[in-house]
Amino acid sequence: MDATETRPLTAAGRRIADAAEELFYERGITGVGVDLIAEHSGVTKRTLYNQFGSKDHLVAVYLTERDRRWRSLVQATVDASATPRDAVLAPFEALATWSATNTRGCAFINALAELPDPAHSAHHIATAQKLWLLDLFETLAAAADCPAPTSLARQLLLLHEAALATQPLRLDTLTEATALARSLIISATPH
């Protein structure tokens, strides 16, 4: 079973996926077993395995669904931007919205820390999410006529990821990271 598969979930599958998302995000992927997920979703382990095949596949579904929601929010924020220069800052604005309900930091950074094996499907999904954001920053910087979009994109990714990594410290580094990003964008793009 491929985690990116679009097969609709049954009602039990949706309950399992929702319970897994809450538990994986709040307690960590390696700290949560299938027994706990089954208990929280009100199904048997057998139903969980019938729906998802394995915990690894359920982890992949969890990250894939979070990635889809994140990309959708970022794209909507980009689309609502008044100018190409404003669009470059959109992922930071989306992060402010996202962080209001996701206070334990980045699920993808957390997954990379917990599952360091590059062969693990969850590791691949988390890495792809970060590379997508880097590519988006570069595309947006180029659209804003930045003469060095690759360099600006890397700088913006560093700021974005630093804000995510420090989020659990409750220091509001996102405000400062956004201000720094805005300065970099203004300096790097004409008019």
# chains A, B, ... in the order shown; residues from 1 in each chain; ligands from 1
call {"tool": "closest_atom_pairs", "arguments": {"of": "range 27-110 of chain A", "to": "range 158-165 of chain A", "cutoff": "12 Å", "atoms": "only C-alpha atoms", "output": "tab-separated table"}}
result
residue	atom	partner	partner_atom	distance
A:Val88	CA	A:His160	CA	11.9
A:Leu89	CA	A:His160	CA	10.1
A:Ala90	CA	A:His160	CA	11.0
A:Pro91	CA	A:His160	CA	8.1
A:Phe92	CA	A:His160	CA	6.7
A:Glu93	CA	A:His160	CA	10.4
A:Ala94	CA	A:His160	CA	10.8
A:Leu95	CA	A:His160	CA	8.4
A:Ala96	CA	A:Ala163	CA	10.1
A:Trp98	CA	A:Leu164	CA	10.6
A:Ser99	CA	A:Leu164	CA	8.6
A:Asn102	CA	A:Leu164	CA	10.2
A:Thr103	CA	A:Leu164	CA	9.5
A:Arg104	CA	A:Leu164	CA	9.0
A:Gly105	CA	A:Leu164	CA	5.5
A:Cys106	CA	A:Leu164	CA	5.8
A:Ala107	CA	A:Leu164	CA	9.6
A:Phe108	CA	A:Leu164	CA	10.0
A:Ile109	CA	A:Ala165	CA	7.5
A:Asn110	CA	A:Ala165	CA	9.0
call {"tool": "residues_around", "arguments": {"residues": "Asp145 in chain A", "least_positions_apart": "4", "cutoff": "7 Å", "atoms": "only C-alpha atoms", "output": "MDAnalysis selection string"}}
result
chainID A and resid 141 189:190
call {"tool": "residues_around", "arguments": {"residues": "Leu152 in chain A", "least_positions_apart": "6", "cutoff": "10 Å", "atoms": "only C-alpha atoms", "output": "list of chain:residue names"}}
result
A:Val88, A:Leu134, A:Phe137, A:Glu138, A:Ala141, A:Ala142, A:Cys146, A:Leu158, A:Ala181, A:Leu184, A:Ile185, A:Ser187, A:Ala188, A:Thr189
call {"tool": "closest_residue", "arguments": {"among": "A:Glu21, A:Ile16, A:Val78, A:Thr30", "to": "Phe52 in chain A", "atoms": "only C-alpha atoms"}}
result
A:Ile16
call {"tool": "atom_distance", "arguments": {"atom1": "CA of Arg66 in chain A", "atom2": "CA of Pro8 in chain A"}}
result
16.0 Å
call {"tool": "select_by_dssp", "arguments": {"residues": "range 6-189 of chain A", "states": "alpha helix (DSSP H)", "output": "VMD selection string"}}
result
chain A and resid 11 to 27 34 to 41 45 to 52 55 to 79 84 to 99 107 to 114 121 to 143 149 to 166 173 to 188
call {"tool": "closest_residue", "arguments": {"among": "A:Ser54, A:Gln155, A:Ser41, A:Thr173", "to": "Leu23 in chain A", "atoms": "only C-alpha atoms"}}
result
A:Ser41
call {"tool": "closest_residue", "arguments": {"among": "A:Leu133, A:Leu58, A:Val34, A:Val43", "to": "Leu156 in chain A", "atoms": "only C-alpha atoms"}}
result
A:Leu133
call {"tool": "closest_residue", "arguments": {"among": "A:Ala126, A:Leu63, A:Leu48, A:Leu115", "to": "Ala12 in chain A", "atoms": "only C-alpha atoms"}}
result
A:Leu48
call {"tool": "atom_distance", "arguments": {"atom1": "CA of Pro116 in chain A", "atom2": "CA of Asn50 in chain A"}}
result
27.1 Å
